[in-house]
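Trainee: Take a look at work-v1.txt, compact mmCIF, C-alpha atoms and all ligand atoms:
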```
# COMPACT_ATOMS: atom_id res chain seq x y z
CA MET N 1 -30.14 -7.50 1.34
CA MET N 2 -29.50 -11.20 1.89
CA GLN N 3 -28.90 -11.67 -1.80
CA ASN N 4 -26.57 -8.67 -1.91
CA THR N 5 -24.49 -10.13 0.96
CA LYS N 6 -24.28 -13.43 -0.88
CA LYS N 7 -23.19 -11.71 -4.07
CA LYS N 8 -20.53 -9.74 -2.22
CA MET N 9 -19.32 -12.83 -0.40
CA SER N 10 -19.12 -14.81 -3.57
CA PHE N 11 -17.14 -12.09 -5.35
CA THR N 12 -14.62 -11.82 -2.49
CA VAL N 13 -14.39 -15.61 -2.35
CA LYS N 14 -13.96 -15.69 -6.11
CA ILE N 15 -10.98 -13.30 -5.98
CA LEU N 16 -9.47 -15.32 -3.14
CA LEU N 17 -9.97 -18.54 -5.03
CA TYR N 18 -8.35 -17.19 -8.19
CA MET N 19 -5.48 -15.85 -6.11
CA ILE N 20 -4.83 -19.23 -4.50
CA ILE N 21 -5.15 -21.09 -7.80
CA GLY N 22 -2.78 -18.56 -9.38
CA LEU N 23 -0.28 -19.12 -6.58
CA LEU N 24 -0.49 -22.92 -6.94
CA VAL N 25 -0.17 -22.80 -10.72
CA GLY N 26 2.87 -20.52 -10.33
CA VAL N 27 4.54 -22.77 -7.77
CA LEU N 28 3.85 -25.86 -9.92
CA ILE N 29 5.37 -24.20 -12.97
CA ASN N 30 8.38 -23.10 -10.94
CA THR N 31 8.88 -26.63 -9.62
CA TYR N 32 8.13 -28.76 -12.65
CA ALA N 33 8.32 -26.58 -15.72
CA ALA N 34 11.18 -24.19 -15.05
CA GLU N 35 13.04 -25.66 -18.01
CA SER N 36 10.12 -25.72 -20.43
CA ASN N 37 10.73 -22.96 -22.94
CA PHE N 38 7.19 -23.18 -24.21
CA ILE N 39 5.59 -22.66 -20.79
CA GLN N 40 8.07 -20.00 -19.73
CA TYR N 41 7.87 -18.06 -22.97
CA TYR N 42 4.22 -18.35 -23.98
CA LEU N 43 2.47 -18.82 -20.65
CA VAL N 44 4.51 -17.05 -17.96
CA GLY N 45 6.24 -14.38 -20.04
CA GLY N 46 3.33 -14.26 -22.51
CA PHE N 47 -0.23 -14.83 -21.35
CA PHE N 48 0.17 -14.29 -17.56
CA HIS N 49 2.45 -11.32 -18.09
CA ILE N 50 0.19 -9.63 -20.64
CA ILE N 51 -3.12 -10.12 -18.82
CA GLY N 52 -1.64 -9.37 -15.38
CA SER N 53 0.09 -6.20 -16.60
CA MET N 54 -2.99 -5.03 -18.49
CA PHE N 55 -5.06 -5.39 -15.33
CA LEU N 56 -2.47 -3.42 -13.35
CA GLN N 57 -2.39 -0.74 -16.04
CA ALA N 58 -6.19 -0.52 -15.93
CA LEU N 59 -6.12 -0.05 -12.16
CA LYS N 60 -3.47 2.64 -12.45
CA MET N 61 -5.48 4.32 -15.20
CA LEU N 62 -8.22 4.95 -12.63
CA VAL N 63 -6.01 6.50 -9.97
CA VAL N 64 -5.29 10.01 -11.27
CA PRO N 65 -8.76 10.99 -12.58
CA LEU N 66 -10.42 9.40 -9.57
CA VAL N 67 -8.22 11.15 -7.01
CA PHE N 68 -8.43 14.45 -8.89
CA CYS N 69 -12.24 14.55 -9.11
CA SER N 70 -13.01 12.97 -5.82
CA LEU N 71 -10.54 15.12 -3.88
CA ILE N 72 -11.72 18.40 -5.39
CA GLY N 73 -15.30 17.26 -4.71
CA GLY N 74 -14.29 16.38 -1.14
CA ILE N 75 -12.64 19.74 -0.47
CA VAL N 76 -15.56 21.69 -1.90
CA GLY N 77 -17.88 19.42 0.13
CA MET N 78 -15.96 20.18 3.32
CA ASN N 79 -16.55 23.85 2.72
CA ASP N 80 -14.53 24.53 5.82
CA MET N 81 -10.85 25.43 5.93
CA LYS N 82 -10.59 24.62 9.61
CA MET N 83 -11.76 21.10 9.00
CA LEU N 84 -9.23 20.66 6.21
CA GLY N 85 -6.47 21.78 8.58
CA ARG N 86 -7.66 19.47 11.35
CA THR N 87 -8.05 16.51 8.99
CA SER N 88 -4.52 16.87 7.63
CA GLY N 89 -3.11 17.41 11.13
CA LYS N 90 -4.77 14.26 12.47
CA ALA N 91 -3.85 12.20 9.43
CA PHE N 92 -0.18 13.29 9.60
CA ALA N 93 0.00 12.62 13.34
CA LEU N 94 -1.52 9.15 12.96
CA PHE N 95 0.69 8.27 9.99
CA LEU N 96 3.75 9.34 11.95
CA PHE N 97 2.68 7.57 15.13
CA THR N 98 1.87 4.26 13.43
CA THR N 99 5.04 4.33 11.33
CA ILE N 100 7.20 4.86 14.42
CA ILE N 101 5.43 1.99 16.19
CA ALA N 102 5.84 -0.17 13.08
CA ILE N 103 9.58 0.32 12.71
CA SER N 104 10.03 -0.13 16.46
CA PHE N 105 8.27 -3.50 16.22
CA GLY N 106 10.60 -4.48 13.39
CA LEU N 107 13.71 -3.45 15.31
CA PHE N 108 12.49 -5.05 18.54
CA PHE N 109 11.72 -8.42 16.96
CA ALA N 110 14.94 -8.54 14.98
CA ILE N 111 17.14 -7.49 17.91
CA SER N 112 15.53 -9.92 20.36
CA LEU N 113 15.80 -12.82 17.94
CA GLY N 114 19.35 -11.90 16.93
CA ILE N 115 18.63 -12.71 13.28
CA GLY N 116 21.47 -12.73 10.74
CA LYS N 117 24.17 -13.61 13.27
CA GLY N 118 25.35 -16.82 11.57
CA PHE N 119 26.15 -15.24 8.22
CA ASN N 120 29.64 -13.86 8.89
CA LEU N 121 29.78 -11.66 5.84
CA ALA N 122 32.33 -9.24 7.28
CA ASN N 123 35.18 -10.67 5.24
CA ALA N 124 33.19 -12.43 2.58
CA ASN N 125 33.27 -11.31 -1.02
CA MET N 126 29.68 -10.76 -2.01
CA THR N 127 29.13 -12.38 -5.35
CA SER N 128 26.07 -10.35 -6.14
CA HIS N 129 26.01 -6.61 -5.80
CA TYR N 130 23.12 -4.35 -5.17
CA THR N 131 23.26 -0.82 -6.38
CA THR N 132 20.52 1.69 -6.30
CA GLY N 133 19.54 5.07 -7.64
CA LYS N 134 20.06 8.05 -5.36
CA ALA N 135 17.25 8.84 -2.98
CA PRO N 136 16.08 12.47 -3.25
CA ALA N 137 17.30 15.03 -0.70
CA PHE N 138 14.78 16.00 1.95
CA VAL N 139 14.62 19.69 0.87
CA ASP N 140 13.85 18.58 -2.67
CA VAL N 141 11.07 16.37 -1.35
CA ILE N 142 9.51 19.38 0.42
CA ILE N 143 9.89 21.70 -2.59
CA GLY N 144 8.52 18.92 -4.78
CA PHE N 145 5.16 19.05 -2.93
CA MET N 146 4.32 22.13 -4.96
CA PRO N 147 3.45 21.47 -8.60
CA SER N 148 4.90 23.80 -11.20
CA ASN N 149 2.60 22.40 -13.85
CA ILE N 150 -0.78 20.83 -13.08
CA PRO N 151 -1.15 18.70 -16.24
CA GLY N 152 2.47 17.61 -15.67
CA ALA N 153 1.64 16.48 -12.12
CA LEU N 154 -1.37 14.57 -13.44
CA ALA N 155 0.58 13.02 -16.28
CA ASN N 156 3.34 11.85 -13.93
CA ALA N 157 0.80 10.65 -11.34
CA ASN N 158 2.70 12.63 -8.71
CA MET N 159 0.29 12.10 -5.84
CA LEU N 160 1.54 14.80 -3.46
CA GLN N 161 1.51 17.42 -6.20
CA ILE N 162 -1.95 16.32 -7.28
CA ILE N 163 -3.20 16.62 -3.69
CA MET N 164 -1.69 20.10 -3.45
CA ALA N 165 -3.23 21.17 -6.78
CA CYS N 166 -6.64 19.81 -5.73
CA ILE N 167 -6.55 21.75 -2.45
CA PHE N 168 -5.84 24.99 -4.31
CA ILE N 169 -8.40 24.33 -7.04
CA GLY N 170 -10.98 23.35 -4.41
CA LEU N 171 -10.38 26.60 -2.53
CA ALA N 172 -10.59 28.60 -5.75
CA ILE N 173 -13.90 26.91 -6.65
CA MET N 174 -15.32 27.91 -3.26
CA LYS N 175 -14.30 31.51 -3.88
CA SER N 176 -15.75 31.65 -7.39
CA GLY N 177 -19.48 31.88 -6.71
CA LYS N 178 -21.76 30.79 -9.56
CA SER N 179 -18.97 29.73 -11.92
CA GLY N 180 -17.37 27.74 -9.13
CA LYS N 181 -20.65 25.90 -8.52
CA LYS N 182 -20.87 24.97 -12.20
CA VAL N 183 -17.33 23.58 -12.21
CA ALA N 184 -18.00 21.68 -8.96
CA ALA N 185 -21.14 20.12 -10.45
CA SER N 186 -19.26 18.96 -13.55
CA ILE N 187 -16.47 17.49 -11.46
CA GLU N 188 -19.07 15.72 -9.33
CA SER N 189 -20.68 14.19 -12.43
CA PHE N 190 -17.31 13.11 -13.79
CA ASN N 191 -16.55 11.51 -10.46
CA GLU N 192 -19.68 9.39 -10.73
CA VAL N 193 -18.60 8.23 -14.17
CA MET N 194 -15.16 7.34 -12.78
CA MET N 195 -16.79 5.30 -10.02
CA ALA N 196 -18.71 3.35 -12.64
CA LEU N 197 -15.41 2.71 -14.38
CA VAL N 198 -13.96 1.44 -11.08
CA HIS N 199 -16.76 -1.14 -10.96
CA ILE N 200 -16.14 -2.23 -14.54
CA ILE N 201 -12.40 -2.77 -13.93
CA MET N 202 -13.08 -4.50 -10.61
CA SER N 203 -15.30 -7.05 -12.27
CA LEU N 204 -12.19 -8.23 -14.14
CA ALA N 205 -10.20 -8.51 -10.93
CA PRO N 206 -10.28 -12.31 -10.43
CA TYR N 207 -8.63 -12.92 -13.83
CA GLY N 208 -6.08 -10.13 -13.38
CA VAL N 209 -5.23 -11.31 -9.89
CA PHE N 210 -4.86 -14.92 -11.08
CA CYS N 211 -2.35 -13.93 -13.76
CA LEU N 212 -0.35 -11.65 -11.43
CA MET N 213 -0.05 -14.41 -8.83
CA ALA N 214 0.76 -17.15 -11.34
CA LYS N 215 3.50 -15.06 -12.97
CA THR N 216 5.09 -13.97 -9.69
CA PHE N 217 5.24 -17.45 -8.21
CA ALA N 218 6.26 -19.12 -11.49
CA GLU N 219 9.26 -16.81 -11.55
CA GLN N 220 10.05 -16.77 -7.85
CA GLY N 221 8.82 -20.09 -6.46
CA ILE N 222 8.66 -20.26 -2.68
CA GLY N 223 11.94 -22.06 -2.23
CA MET N 224 13.70 -18.67 -2.28
CA VAL N 225 12.56 -18.17 1.31
CA VAL N 226 14.61 -21.06 2.72
CA PRO N 227 18.14 -19.57 2.90
CA ILE N 228 16.97 -16.53 4.82
CA ILE N 229 13.99 -18.00 6.57
CA SER N 230 14.80 -16.20 9.86
CA TYR N 231 14.58 -12.82 8.11
CA PHE N 232 11.39 -13.76 6.31
CA LEU N 233 9.63 -15.09 9.42
CA THR N 234 10.68 -12.11 11.53
CA VAL N 235 9.26 -9.65 9.01
CA ALA N 236 6.09 -11.75 8.72
CA ALA N 237 5.67 -11.91 12.52
CA ALA N 238 6.20 -8.17 12.99
CA LEU N 239 3.79 -7.39 10.13
CA THR N 240 1.14 -9.64 11.68
CA LEU N 241 1.54 -8.14 15.14
CA HIS N 242 1.26 -4.63 13.74
CA PHE N 243 -1.73 -5.56 11.61
CA VAL N 244 -3.60 -7.13 14.51
CA GLY N 245 -2.26 -5.15 17.48
CA THR N 246 -1.70 -1.56 16.38
CA PHE N 247 -4.70 -1.25 14.10
CA SER N 248 -7.07 -2.92 16.59
CA GLY N 249 -5.72 -0.61 19.30
CA LEU N 250 -6.45 2.45 17.13
CA PHE N 251 -9.96 1.22 16.44
CA LEU N 252 -10.70 0.53 20.08
CA VAL N 253 -9.53 4.04 21.02
CA ALA N 254 -11.78 5.48 18.29
CA ARG N 255 -14.64 3.26 19.53
CA LEU N 256 -14.95 1.28 16.34
CA ASN N 257 -15.20 -2.49 16.10
CA PRO N 258 -11.87 -3.69 14.59
CA LEU N 259 -13.36 -7.00 13.46
CA THR N 260 -15.94 -5.22 11.31
CA PHE N 261 -13.11 -3.24 9.73
CA ILE N 262 -10.97 -6.28 8.94
CA ARG N 263 -13.94 -8.17 7.54
CA LYS N 264 -14.82 -5.30 5.21
CA MET N 265 -11.19 -4.86 4.14
CA ARG N 266 -10.90 -8.38 2.69
CA SER N 267 -11.07 -7.51 -0.99
CA THR N 268 -8.86 -4.43 -0.56
CA ILE N 269 -6.27 -6.62 1.18
CA MET N 270 -6.33 -9.06 -1.72
CA PHE N 271 -5.79 -6.24 -4.22
CA ALA N 272 -2.90 -4.87 -2.19
CA PHE N 273 -1.32 -8.32 -1.95
CA SER N 274 -1.57 -9.20 -5.60
CA THR N 275 -0.60 -5.78 -7.00
CA SER N 276 2.12 -4.90 -4.41
CA SER N 277 1.15 -1.30 -4.92
CA SER N 278 -0.63 1.06 -2.52
CA ASN N 279 -1.05 3.49 -5.41
CA ALA N 280 -2.73 1.00 -7.72
CA THR N 281 -5.01 0.00 -4.83
CA ILE N 282 -6.22 3.60 -4.23
CA PRO N 283 -9.47 3.19 -6.22
CA VAL N 284 -10.40 0.05 -4.25
CA SER N 285 -9.40 1.65 -0.93
CA ILE N 286 -11.53 4.76 -1.61
CA GLU N 287 -14.47 2.65 -2.70
CA THR N 288 -14.21 0.43 0.39
CA ALA N 289 -13.81 3.38 2.77
CA GLU N 290 -16.81 5.23 1.36
CA THR N 291 -19.32 2.56 0.50
CA ARG N 292 -18.43 -0.27 2.87
CA LEU N 293 -17.08 1.57 5.91
CA GLY N 294 -19.25 4.69 5.71
CA VAL N 295 -16.44 7.26 5.57
CA HIS N 296 -17.55 10.60 4.09
CA ASN N 297 -16.05 11.34 0.67
CA SER N 298 -14.40 14.55 1.94
CA ILE N 299 -12.17 12.51 4.28
CA ALA N 300 -11.62 9.36 2.18
CA SER N 301 -10.69 11.22 -0.99
CA PHE N 302 -8.06 13.20 0.89
CA VAL N 303 -6.55 10.84 3.48
CA ILE N 304 -6.27 7.70 1.30
CA PRO N 305 -4.17 9.15 -1.57
CA LEU N 306 -2.08 11.01 1.01
CA GLY N 307 -1.53 7.77 2.93
CA ALA N 308 -0.68 5.80 -0.20
CA THR N 309 2.21 8.19 -0.71
CA ILE N 310 3.49 9.07 2.74
CA ASN N 311 2.33 6.25 5.01
CA MET N 312 4.15 2.95 4.79
CA ASN N 313 3.84 1.00 8.02
CA GLY N 314 4.68 -2.36 6.46
CA THR N 315 7.69 -0.95 4.63
CA ALA N 316 8.98 0.57 7.89
CA ILE N 317 8.74 -2.85 9.57
CA MET N 318 10.73 -4.49 6.79
CA GLN N 319 13.36 -1.74 7.01
CA GLY N 320 13.75 -2.19 10.77
CA VAL N 321 14.21 -5.95 10.46
CA ALA N 322 16.50 -5.64 7.43
CA THR N 323 18.77 -3.15 9.21
CA VAL N 324 19.35 -5.48 12.17
CA PHE N 325 19.66 -8.54 9.91
CA ILE N 326 22.33 -7.01 7.70
CA ALA N 327 24.19 -5.42 10.63
CA ASN N 328 24.38 -8.83 12.32
CA ALA N 329 25.31 -10.61 9.09
CA TYR N 330 28.27 -8.24 8.67
CA GLY N 331 29.12 -8.25 12.38
CA ILE N 332 28.49 -4.50 12.66
CA THR N 333 27.28 -3.21 16.03
CA LEU N 334 24.75 -0.40 15.84
CA SER N 335 24.49 2.13 18.67
CA GLY N 336 21.30 3.47 20.26
CA LEU N 337 21.75 6.64 18.21
CA ASP N 338 22.01 4.55 15.05
CA TYR N 339 18.65 2.97 15.84
CA VAL N 340 17.08 6.39 16.36
CA THR N 341 18.58 7.43 13.00
CA VAL N 342 17.09 4.33 11.40
CA ILE N 343 13.65 5.24 12.76
CA GLY N 344 13.96 8.85 11.57
CA MET N 345 15.30 7.93 8.14
CA SER N 346 12.69 5.29 7.57
CA VAL N 347 9.91 7.77 8.36
CA LEU N 348 11.44 10.42 6.08
CA ALA N 349 12.12 7.90 3.34
CA SER N 350 8.46 6.97 3.06
CA VAL N 351 7.41 10.62 2.59
CA GLY N 352 7.59 11.60 -1.05
CA THR N 353 8.10 8.08 -2.41
CA ALA N 354 5.05 6.68 -4.14
CA GLY N 355 3.48 3.38 -3.11
CA VAL N 356 4.70 1.29 -6.02
CA PRO N 357 6.24 -2.20 -6.08
CA GLY N 358 9.74 -2.47 -4.67
CA VAL N 359 10.17 1.15 -3.60
CA GLY N 360 10.84 0.09 0.01
CA ILE N 361 14.04 -1.67 -0.95
CA VAL N 362 15.27 1.46 -2.75
CA THR N 363 14.68 3.67 0.26
CA LEU N 364 16.31 1.02 2.45
CA ALA N 365 19.58 1.93 0.73
CA MET N 366 19.09 5.49 2.00
CA VAL N 367 18.68 4.18 5.56
CA PHE N 368 21.77 1.96 5.25
CA THR N 369 23.93 4.78 3.93
CA GLN N 370 22.93 6.97 6.84
CA VAL N 371 24.05 4.47 9.48
CA GLY N 372 27.05 3.16 7.56
CA LEU N 373 25.77 -0.31 6.66
CA PRO N 374 27.00 -1.82 3.38
CA VAL N 375 24.37 -1.17 0.70
CA GLU N 376 25.46 -4.29 -1.19
CA GLY N 377 24.11 -6.29 1.79
CA ILE N 378 20.67 -5.66 0.32
CA ALA N 379 21.51 -8.33 -2.27
CA LEU N 380 21.10 -10.87 0.51
CA ILE N 381 17.43 -10.12 1.08
CA LEU N 382 16.53 -9.25 -2.49
CA GLY N 383 15.48 -12.80 -3.32
CA VAL N 384 12.55 -12.74 -0.90
CA ASP N 385 11.66 -9.11 -1.41
CA ARG N 386 9.00 -9.78 -4.02
CA LEU N 387 6.98 -11.85 -1.56
CA ILE N 388 7.66 -9.53 1.36
CA ASP N 389 6.63 -6.58 -0.82
CA MET N 390 3.22 -8.20 -1.29
CA MET N 391 2.82 -8.70 2.45
CA ARG N 392 4.04 -5.25 3.49
CA THR N 393 1.80 -3.57 0.92
CA VAL N 394 -1.19 -5.17 2.69
CA VAL N 395 -0.08 -3.51 5.94
CA ASN N 396 0.62 -0.20 4.17
CA VAL N 397 -2.85 -0.10 2.60
CA THR N 398 -4.60 -1.29 5.76
CA GLY N 399 -2.82 1.52 7.64
CA ASP N 400 -4.08 4.09 5.12
CA VAL N 401 -7.69 2.97 5.39
CA ALA N 402 -7.51 2.50 9.19
CA THR N 403 -6.23 6.07 9.62
CA THR N 404 -8.96 7.31 7.30
CA CYS N 405 -11.62 5.62 9.45
CA VAL N 406 -10.21 6.99 12.71
CA VAL N 407 -9.96 10.54 11.32
CA ALA N 408 -13.51 10.30 9.93
CA LYS N 409 -14.90 8.96 13.20
CA THR N 410 -13.31 11.72 15.28
CA GLU N 411 -14.53 14.35 12.81
CA GLY N 412 -18.10 13.02 12.95
CA LYS N 413 -17.80 12.16 9.25
CA MET N 414 -18.56 8.48 9.49
CA ASP N 415 -21.94 6.92 8.83
CA MET N 416 -22.10 4.31 11.58
CA ALA N 417 -25.15 2.64 10.07
CA VAL N 418 -23.06 1.87 6.97
CA TYR N 419 -20.06 0.80 9.07
CA LYS N 420 -22.17 -1.70 10.99
CA ASP N 421 -24.16 -2.99 8.03
CA PRO N 422 -22.40 -6.14 6.75
CA SER N 423 -24.03 -5.80 3.34
CA ALA N 424 -23.23 -2.10 2.79
CA GLY N 425 -21.35 -1.21 -0.33
CA ILE N 426 -20.89 -2.66 -3.73
CA ALA N 427 -19.94 -6.21 -4.49
CA ILE N 428 -16.18 -5.86 -4.70
N1 LIG D 501 5.02 -1.79 -2.53
C1 LIG D 501 4.86 -0.94 -1.38
C2 LIG D 501 3.58 -0.15 -1.52
O1 LIG D 501 3.12 0.09 -2.62
C3 LIG D 501 6.01 -0.03 -1.15
C4 LIG D 501 7.26 -0.82 -0.81
O2 LIG D 501 7.98 -1.21 -1.71
O3 LIG D 501 7.50 -1.06 0.36
O4 LIG D 501 3.01 0.27 -0.55
```
Could you render the structure from this file as structure tokens?

Mentor:
Amino acid sequence: MMQNTKKKMSFTVKILLYMIIGLLVGVLINTYAAESNFIQYYLVGGFFHIIGSMFLQALKMLVVPLVFCSLIGGIVGMNDMKMLGRTSGKAFALFLFTTIIAISFGLFFAISLGIGKGFNLANANMTSHYTTGKAPAFVDVIIGFMPSNIPGALANANMLQIIMACIFIGLAIMKSGKSGKKVAASIESFNEVMMALVHIIMSLAPYGVFCLMAKTFAEQGIGMVVPIISYFLTVAAALTLHFVGTFSGLFLVARLNPLTFIRKMRSTIMFAFSTSSSNATIPVSIETAETRLGVHNSIASFVIPLGATINMNGTAIMQGVATVFIANAYGITLSGLDYVTVIGMSVLASVGTAGVPGVGIVTLAMVFTQVGLPVEGIALILGVDRLIDMMRTVVNVTGDVATTCVVAKTEGKMDMAVYKDPSAGIAI
């Protein structure tokens, strides 16, 4: 057991080390080699880009088959419609509750600090313009939950449609007697194979993470933060408070030790940070929830993919802060009703949009339009969004796994021996 702990520690430390080295290499390139065609073309745009993107692709490759098999297995394993109803009810309620708290934190911090007031953009001609694609209408989002074509949903990695299809297939398997059992057994075996594939891809993580970090920081540097430091620090502070305060509060209510949770989430957090994608992190989140935190597969396989799609606590925080920042920068006064609209829109915007890099800034345009803020104001915060995206994705993913743990604990579907065992789980 001792050796296993050491191995796990060293792997987590290895990823962290590669992440930091990647960040430093990126910043150095940005500072000293921004003009070097060779480095920019062959190293940043070539090697780092190719290896980093291939690693991301490999992670994404796991998501659909893993969610499909593990969710059907989970639903068949639940063997109880009432439990499925309760689990979704609790998960939805917790996602909603934490998102509302998150955006309120964002608004509260930004309003109390009065960020954005010195910008005076009301009469300024913005030199850069931000335009965005149209956000989908709410009715279409609801209708879109139902797949019209299962292979199509799988091919497009449409998470909500996949979840819906899995629920129906799971129910049908339960109703199909002997044949159903055969199908369930095959899906179970395929799931095991997929888990082995997760481990193979994970073993390449340090190199993938290094390249992703090096490329991002070589392109962005960290100097981009300076002009809008007040915005950046406010988002960072609200994210930290939510991460520590809200999630610890949830864990204490559910009688779980929050420190154990955070310790076991380390590698998942690093994946979320370096990929900026809740969706791409799904395989790691499921693995961590099941093998490290002791959550039963029937809950983890359902709540995590659902959360990756509809729960975005970190994104909601950014949207709250951004709304106040841009309103102040343009000298626009928002009413109490406007703030309520911002909260409602931000919650709705996260439902139906997948957890992929940069989606939060697209849905922010939807929030702005609703309260009459100039969408082109988004150009002002775009420069730091890459870095903020990495940070908010950590909070998004942590929120998904935290909710999963709380739902599992209250459903009696959590193995506390595994939760408490520091060496439980695989070495990722
Ligand atoms: N990148 C975030 C995520 O995957 C979404 C966002 O852009 O806020 O969770």

Trainee: List as CSV every residue of chain N that is in contact with ligand LIG 501 (chain D), defined as an atom at most 9 Å from one of its atoms (using only C-alpha atoms and all ligand atoms), together with the nearest atom pair and the distance in Å rounded to one decimal, sorted by chain and then rising number.

Mentor:
```
residue,atom,partner,partner_atom,distance
N:Ala272,CA,D:LIG501,O1,7.8
N:Thr275,CA,D:LIG501,O1,8.2
N:Ser276,CA,D:LIG501,N1,4.6
N:Ser277,CA,D:LIG501,O1,3.3
N:Ser278,CA,D:LIG501,O1,3.9
N:Asn279,CA,D:LIG501,O1,6.1
N:Ala280,CA,D:LIG501,O1,7.8
N:Thr281,CA,D:LIG501,O1,8.4
N:Ala308,CA,D:LIG501,O4,6.7
N:Thr309,CA,D:LIG501,O4,8.0
N:Asn311,CA,D:LIG501,O4,8.2
N:Met312,CA,D:LIG501,O4,6.1
N:Asn313,CA,D:LIG501,O4,8.6
N:Gly314,CA,D:LIG501,O3,6.8
N:Thr315,CA,D:LIG501,O3,4.3
N:Ala316,CA,D:LIG501,O3,7.8
N:Met318,CA,D:LIG501,O3,8.0
N:Gln319,CA,D:LIG501,O3,8.9
N:Ser350,CA,D:LIG501,O3,8.5
N:Thr353,CA,D:LIG501,C3,8.5
N:Ala354,CA,D:LIG501,O1,7.0
N:Gly355,CA,D:LIG501,O1,3.3
N:Val356,CA,D:LIG501,O1,3.9
N:Pro357,CA,D:LIG501,N1,3.8
N:Gly358,CA,D:LIG501,O2,3.7
N:Val359,CA,D:LIG501,O2,3.7
N:Gly360,CA,D:LIG501,O3,3.5
N:Ile361,CA,D:LIG501,O2,6.1
N:Val362,CA,D:LIG501,O2,7.8
N:Thr363,CA,D:LIG501,O2,8.5
N:Asp385,CA,D:LIG501,O2,8.7
N:Arg386,CA,D:LIG501,O2,8.9
N:Ile388,CA,D:LIG501,O3,8.5
N:Asp389,CA,D:LIG501,N1,5.3
N:Met390,CA,D:LIG501,N1,6.8
N:Met391,CA,D:LIG501,N1,8.8
N:Arg392,CA,D:LIG501,O3,6.3
N:Thr393,CA,D:LIG501,O4,4.3
N:Val394,CA,D:LIG501,O4,7.6
N:Val395,CA,D:LIG501,O4,8.1
N:Asn396,CA,D:LIG501,O4,5.3
N:Val397,CA,D:LIG501,O4,6.7
```

Trainee: Given the choices N:Leu380, N:Val25, N:Leu96, N:Val253, which gets closest to Val225 of chain N if the distance is worked out from all atoms listed in the file?

Mentor: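 Nearest to Val225 of chain N: N:Leu380.
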
Trainee: Taking (-15.6, 5.9, -10.9) in the coordinates of the supplied file, I want to know which residues reach to within 10 Å of it, counting only C-alpha atoms; could you give the answer as a count of residues only?

Mentor: 22

Trainee: Could you jot down the atom CA of Phe251 of chain N to atom CA of Cys166 of chain N separation for me, Å, one decimal place?

Mentor: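 Atom CA of Cys166 of chain N lies at a distance of 29.1 Å from atom CA of Phe251 of chain N.
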
Trainee: Give the answer as one residue: which of N:Leu348, N:Ile29, N:Cys405, N:Ala329 has the shortest atom-to-atom distance to Tyr41 of chain N, using all atoms listed in the file?

Mentor: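 Among the listed residues, the smallest separation from Tyr41 of chain N belongs to N:Ile29.
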
Trainee: Restricting the calculation to all atoms listed in the file, which member of N:Arg263, N:Val407, N:Pro374, N:Gly344 is positioned closest to Asp421 of chain N?

Mentor: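 Ranked by minimum distance to Asp421 of chain N, first place goes to N:Arg263.
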
Trainee: How many Å separate atom CA of Asn156 of chain N from atom CA of Val384 of chain N?

Mentor: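 Calculated distance between atom CA of Asn156 of chain N and atom CA of Val384 of chain N is 29.3 Å.
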
Trainee: For Ile150 of chain N, which residue out of N:Val64, N:Ala327, N:Ala205, N:Gly118 is the nearest one, using all atoms listed in the file?

Mentor: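 For Ile150 of chain N, the nearest of the candidates is N:Val64.
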
Trainee: Looking at all atoms listed in the file, which of N:Ala424, N:Ile103, N:Ala91, N:Ala184 is the one that sits closest to Thr291 of chain N?

Mentor: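 Ranked by minimum distance to Thr291 of chain N, first place goes to N:Ala424.
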